[in-house]
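Enquirer: Dropping a structure here in structure tokens format, bear with me for questions.
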Amino acid sequence: ACANIACLMLAQGARRERELSIRFGLGAERRQVIGQLFAEGLLLALLGALAGLPLAYGGTLALAKLAGNEIPRAAEVTLDARILAFAAGLSVLTTLLFALAPAWRATRREVAEGLAHGSRGQVSASSGTWQNSLVAAQVALAVVLLVGAGLLIRSFAALQSNSLGMDPAGVLTFRVSASWGEQPPAVAARHFRTLEALSAIPGVEAVALSPSVPAASTFPTSEIQIVGQPREPRRFASFRSVSPGYFAALGIPIRAGQTCSLPPDERPLREILVNERFAREFFGGANPIGEMVEGSRGNIRIVGVVGDMREDGARTPPPALAYFCGNLPYWPDPRYLIRVKGDPASYATLVRTRLRELEPSRAVFAVTPLRELLRDALAAERFQSWLLGLFAAMALALAGLGLYGVLAYQVSQRRREIGLRMALGARPAQVLTAVLRQGLVFTSIGVALGLGAALALSRYLASLLYGVPATDGVTYLAGAALLLAVSAAAAYLPARRATRIDPLAALRED
């Protein structure tokens with residue numbers, strides 16, 4: 001943005017060089033001219049800053065809303081006085097610096113030279129070099145942001161398309177208020193009654209309990225020992241405690257064996273199901289049904305093998321996992337999972353009504369379709385993609401506007417030259433090509449610099465990516481192609497205007 005302001009102010013200043021030279025020639029003092037330019041630049045900067053304040057306020061609210069509840073402290077994101085002071089100060093400083101540039105340049109050369117330069121209508125070499133350099137810098141920064149946004153968006157798309165190993169569609173989740181002071185026998189009996197009541201609701205196909213959100217919660221691994229196998233080397237696996245209907249509720253296939261049974265009391269879990277990766281790692285592909293796993297309260301029998309599921313989230317491959325299967329007497333407020341026919345949100349009222357009849361003193365809360373919970377689990381990745389994408393779009397727009405402004409100014413300054421060329425036989429297509437080439441040359445330089453900078457900075461983005469390398473060639477080429485396309489469109493309008501210059505009118509201009 002600062003580079004864009006600099007380009008526009010330099011162009012405006014170059015247009016006024018002849019005016020300033022005349023004023024100096026008529027006896028104006030340097031402090032008077034500088035004072036006027038200072039006042040004009042300050043007014044322009046303050047008006048721009050005031051116009052930006054409501055945009056900043058609305059943009060901040062939109063970003064906080066976009067962040068949602070899953071981004072830590074997102075609700076605290078607000079306009080900060082220090083940030084406002086920094087942004088406003090930078091805007092004012094940039095505007096004033098380049099507003100005063102023409103006065104400084106005009107006082108460095110003779111009045112006659114300034115008048116002659118203004119009468120020729122040519123582009124100042126130093127001004128043109130500065131403008132072209134600033135546009136190239138804008139383009140380079142835009143390429144860096146475009147590549148970064150492209151990598152994050154592709155990574156987010158890969159995460160969303162990842163198969164979790166289950167079917168979240170048609171699953172409603174909720175919790176029921178409880179106290180951690182309840183005794184295990186009472187908790188187990190309540191869970192048993194609640195699951196039976198939920199199963200009786202028309203349209204409910206399966207019900208289950210889980211301490212956490214499936215495919216969105218990470219648990220540390222624990223050492224595990226299979227009865228009859230050597231104790232060395234030490235091996236580790238992940239564990240989940242679930243009720244028997246967990247696999248039917250989530251659509252996790254049972255590859256071998258069967259699920260466990262649900263006792264109506266707090267009898268300890270004596271059965272487990274393992275996933276396919278667990279079976280491969282601990283049994284080498286042999287059938288593990290009937291094998292025993294050592295537990296703190298005695299050995300536990302493997303009764304089934306289920307499909308691999310990404311229990312730790314879409315970003316993490318399925319771990320070697322054992323499901324303790326049965327009741328959850330030591331977890332008073334688990335998540336209830338029910339698979340229903342049709343839209344799961346439409347069952348919220350039925351669930352509340354049924355459980356109010358069963359447990360009138362308890363509240364049903366956090367009623368949410370599982371698909372929404374899984375979408376919220378990717379909130380950070382979604383927010384990163386949106387944020388960097390918005391910044392990249394802004395940078396792209398600014399780069400295009402900057403290029404358009406510089407070329408439009410340079411075409412206006414070269415009216416006599418272009419008119420003379422056309423009078424000597426230059427065709428409109430040749431003029432169009434010349435102006436386009438002029439714009440795309442330093443745009444291409446900016447693109448090359450931006451690609452190099454993006455490649456150098458890519459390692460800092462690697463930890464946020466999934467399924468796409470930080471040096472993905474397709475993303476880099478797409479960012480460069482998009483920037484070149486926008487630049488070509490921005491350059492085309494001034495180039496097209498140049499072809500419509502009337503040679504006679506241009507030659508008669510002072």
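Going by the structure tokens order, chains are called A, B, ..., each with residues numbered from 1, while ligands are numbered from 1 in the order shown.
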Can you build me a table of region 348-449 of chain A residues sitting at most 8 Å from region 173-179 of chain A, with the closest atom pair per residue and its distance in Å to one decimal, using only C-alpha atoms, sorted by chain and residue number, as a Markdown table?
Expert:
```
| residue | atom | partner | partner_atom | distance |
| --- | --- | --- | --- | --- |
| A:Arg362 | CA | A:Ser177 | CA | 5.5 |
| A:Ala363 | CA | A:Ser177 | CA | 5.3 |
| A:Val364 | CA | A:Val176 | CA | 4.6 |
| A:Phe365 | CA | A:Arg175 | CA | 5.5 |
| A:Ala366 | CA | A:Phe174 | CA | 5.1 |
| A:Val367 | CA | A:Phe174 | CA | 4.3 |
| A:Thr368 | CA | A:Thr173 | CA | 5.4 |
| A:Pro369 | CA | A:Thr173 | CA | 5.8 |
| A:Leu370 | CA | A:Thr173 | CA | 5.9 |
```
Enquirer: Residues of region 106-296 of chain A in alpha helix (DSSP H) according to DSSP, as a ChimeraX atom specification?
Expert: /A:106,111-120,125-161,184-199,246-250,276-283
Enquirer: Based on the selection just made, write C-alpha atoms of those residues as a tab-separated table (two decimals), in the first residue's frame.
Expert:
```
chain	number	residue	atom	x	y	z
A	106	ALA	CA	12.25	21.23	-8.39
A	111	VAL	CA	14.08	27.10	-13.48
A	112	ALA	CA	14.73	27.07	-17.25
A	113	GLU	CA	15.49	23.37	-17.16
A	114	GLY	CA	12.24	22.68	-15.32
A	115	LEU	CA	10.23	24.74	-17.77
A	116	ALA	CA	11.87	23.02	-20.73
A	117	HIS	CA	11.27	19.61	-19.20
A	118	GLY	CA	7.62	20.42	-18.58
A	119	SER	CA	7.08	21.73	-22.07
A	120	ARG	CA	8.44	18.61	-23.70
A	125	ALA	CA	13.97	9.33	-15.95
A	126	SER	CA	14.42	9.36	-12.19
A	127	SER	CA	10.66	9.53	-11.59
A	128	GLY	CA	10.01	6.70	-14.03
A	129	THR	CA	12.73	4.55	-12.50
A	130	TRP	CA	11.33	5.08	-9.01
A	131	GLN	CA	7.79	4.29	-10.11
A	132	ASN	CA	8.80	1.18	-12.02
A	133	SER	CA	10.86	-0.04	-9.06
A	134	LEU	CA	7.96	0.51	-6.66
A	135	VAL	CA	5.54	-1.35	-8.92
A	136	ALA	CA	8.03	-4.23	-9.21
A	137	ALA	CA	8.25	-4.31	-5.40
A	138	GLN	CA	4.44	-4.42	-5.13
A	139	VAL	CA	4.30	-7.25	-7.64
A	140	ALA	CA	6.99	-9.21	-5.76
A	141	LEU	CA	5.14	-8.88	-2.44
A	142	ALA	CA	1.86	-9.83	-4.11
A	143	VAL	CA	3.47	-12.98	-5.54
A	144	VAL	CA	4.74	-13.97	-2.08
A	145	LEU	CA	1.25	-13.61	-0.61
A	146	LEU	CA	-0.42	-15.35	-3.55
A	147	VAL	CA	1.91	-18.34	-3.29
A	148	GLY	CA	1.44	-18.55	0.49
A	149	ALA	CA	-2.34	-18.32	0.19
A	150	GLY	CA	-2.36	-20.90	-2.59
A	151	LEU	CA	-0.34	-23.36	-0.51
A	152	LEU	CA	-2.62	-22.94	2.51
A	153	ILE	CA	-5.79	-23.25	0.43
A	154	ARG	CA	-4.53	-26.40	-1.26
A	155	SER	CA	-3.51	-27.79	2.12
A	156	PHE	CA	-6.95	-27.04	3.57
A	157	ALA	CA	-8.63	-28.68	0.58
A	158	ALA	CA	-6.48	-31.78	1.11
A	159	LEU	CA	-7.49	-31.91	4.79
A	160	GLN	CA	-11.17	-31.59	3.95
A	161	SER	CA	-11.00	-34.32	1.33
A	184	PRO	CA	-19.79	-45.10	39.33
A	185	PRO	CA	-22.76	-47.47	39.87
A	186	ALA	CA	-25.22	-44.59	39.53
A	187	VAL	CA	-23.40	-43.24	36.46
A	188	ALA	CA	-23.41	-46.63	34.73
A	189	ALA	CA	-27.12	-47.16	35.45
A	190	ARG	CA	-27.98	-43.68	34.17
A	191	HIS	CA	-25.98	-44.19	30.97
A	192	PHE	CA	-27.74	-47.51	30.39
A	193	ARG	CA	-31.21	-45.95	30.86
A	194	THR	CA	-30.38	-42.98	28.64
A	195	LEU	CA	-29.08	-45.10	25.77
A	196	GLU	CA	-32.17	-47.32	25.89
A	197	ALA	CA	-34.46	-44.26	25.89
A	198	LEU	CA	-32.64	-42.76	22.92
A	199	SER	CA	-32.82	-46.04	21.00
A	246	TYR	CA	-19.90	-46.51	18.82
A	247	PHE	CA	-18.95	-48.29	15.61
A	248	ALA	CA	-22.50	-48.54	14.27
A	249	ALA	CA	-23.20	-44.90	15.14
A	250	LEU	CA	-20.15	-43.68	13.22
A	276	GLU	CA	-6.50	-52.82	11.57
A	277	ARG	CA	-3.23	-50.99	12.15
A	278	PHE	CA	-3.09	-52.37	15.70
A	279	ALA	CA	-3.63	-55.87	14.33
A	280	ARG	CA	-0.83	-55.41	11.80
A	281	GLU	CA	1.68	-53.94	14.24
A	282	PHE	CA	1.07	-56.32	17.16
A	283	PHE	CA	0.04	-59.52	15.37
```
Enquirer: Report as a VMD selection string all protein, DNA and RNA residues lying within 7 Å of Tyr492 (chain A), evaluated on only C-alpha atoms, omitting residues in the same chain fewer than 4 positions from it.
Expert: chain A and resid 436 488 496
Enquirer: So how many Å separate CA of Asp343 (chain A) and CA of Met166 (chain A), to one decimal?
Expert: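 Between these atoms lies a distance of 17.4 Å.
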Enquirer: If you run DSSP on the backbone, which residues of region 49-297 of chain A are strand (DSSP E or B), as a count of residues only?
Expert: 37
Enquirer: I want to know what sits within 6 Å of Val207 (chain A), based on only C-alpha atoms, with residues of the same chain fewer than 3 positions away left out; could you give that as a list in words?
Expert: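 Counting only the stated atoms, we get Gly245, Ala249, Leu337 and Ile338 of chain A.
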Enquirer: Counting only C-alpha atoms, figure out which residue out of A:Phe24, A:Trp386, A:Tyr57, A:Phe98 gets nearest to Cys2 (chain A).
Expert: A:Phe98
Enquirer: I want to know what sits within 8 Å of Ser91 (chain A), based on only C-alpha atoms, with residues of the same chain fewer than 4 positions away left out; could you give that as a list of chain:residue names?
Expert: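 Listed by chain and then number, they are A:Cys2, A:Ala45, A:Ala49, A:Ala87, A:Thr95.
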Enquirer: Output N, CA, C and O atoms of each residue in that selection to a file, as a short mmCIF file (atom, residue, chain, number, x, y, z; two decimals), in the first residue's frame.
Expert:
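Generated file (out-v5.cif):
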```
data_model
loop_
_atom_site.label_atom_id
_atom_site.label_comp_id
_atom_site.auth_asym_id
_atom_site.auth_seq_id
_atom_site.Cartn_x
_atom_site.Cartn_y
_atom_site.Cartn_z
N CYS A 2 1.93 1.24 0.79
CA CYS A 2 2.84 2.39 0.82
C CYS A 2 3.50 2.58 -0.54
O CYS A 2 3.68 3.72 -1.01
N ALA A 45 -3.66 12.57 3.39
CA ALA A 45 -3.39 11.43 4.27
C ALA A 45 -4.46 11.30 5.35
O ALA A 45 -4.92 10.20 5.67
N ALA A 49 -6.94 8.22 5.98
CA ALA A 49 -6.95 7.50 7.26
C ALA A 49 -8.35 7.46 7.85
O ALA A 49 -8.79 6.43 8.39
N ALA A 87 -0.54 2.38 11.96
CA ALA A 87 -1.03 2.40 10.58
C ALA A 87 -1.25 3.83 10.09
O ALA A 87 -0.86 4.18 8.97
N THR A 95 2.67 9.45 2.67
CA THR A 95 2.05 10.46 1.81
C THR A 95 2.85 11.75 1.83
O THR A 95 3.12 12.36 0.77
#
```
Enquirer: Residues near Thr78 (chain A), anyone? I mean within 10 Å using only C-alpha atoms, not counting same-chain ones fewer than 2 positions away, as a list in words.
Expert: Ala56, Tyr57, Gly59, Thr60, Leu61, Leu63, Ala64, Ala74, Ala75, Glu76, Asp80 and Ala81 of chain A
Enquirer: Generate a file of the selected residues that holds N, CA and C atoms, formatted as a short mmCIF file (atom, residue, chain, number, x, y, z; two decimals), in the first residue's frame.
Expert:
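Dumped everything to again_35.cif:
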```cif
data_model
loop_
_atom_site.label_atom_id
_atom_site.label_comp_id
_atom_site.auth_asym_id
_atom_site.auth_seq_id
_atom_site.Cartn_x
_atom_site.Cartn_y
_atom_site.Cartn_z
N ALA A 56 -11.49 -0.60 8.66
CA ALA A 56 -10.71 -1.39 9.61
C ALA A 56 -11.60 -1.98 10.69
N TYR A 57 -12.54 -1.19 11.17
CA TYR A 57 -13.45 -1.67 12.22
C TYR A 57 -14.31 -2.82 11.70
N GLY A 59 -13.71 -4.71 9.08
CA GLY A 59 -12.86 -5.86 8.76
C GLY A 59 -12.44 -6.64 9.99
N THR A 60 -12.19 -5.93 11.08
CA THR A 60 -11.81 -6.61 12.33
C THR A 60 -12.96 -7.46 12.85
N LEU A 61 -14.17 -6.91 12.82
CA LEU A 61 -15.33 -7.69 13.26
C LEU A 61 -15.52 -8.92 12.38
N LEU A 63 -13.23 -10.55 10.65
CA LEU A 63 -12.19 -11.54 10.91
C LEU A 63 -12.44 -12.27 12.23
N ALA A 64 -12.89 -11.54 13.25
CA ALA A 64 -13.19 -12.19 14.53
C ALA A 64 -14.33 -13.19 14.38
N ALA A 74 -10.30 -15.43 20.09
CA ALA A 74 -10.72 -14.70 18.89
C ALA A 74 -11.67 -13.56 19.25
N ALA A 75 -12.47 -13.74 20.31
CA ALA A 75 -13.42 -12.70 20.70
C ALA A 75 -12.72 -11.44 21.19
N GLU A 76 -11.44 -11.56 21.57
CA GLU A 76 -10.70 -10.41 22.08
C GLU A 76 -10.07 -9.59 20.95
N ASP A 80 -6.91 -1.78 18.17
CA ASP A 80 -6.01 -1.41 19.25
C ASP A 80 -5.42 -0.04 18.94
N ALA A 81 -5.32 0.82 19.96
CA ALA A 81 -4.84 2.18 19.74
C ALA A 81 -3.42 2.19 19.17
#
```
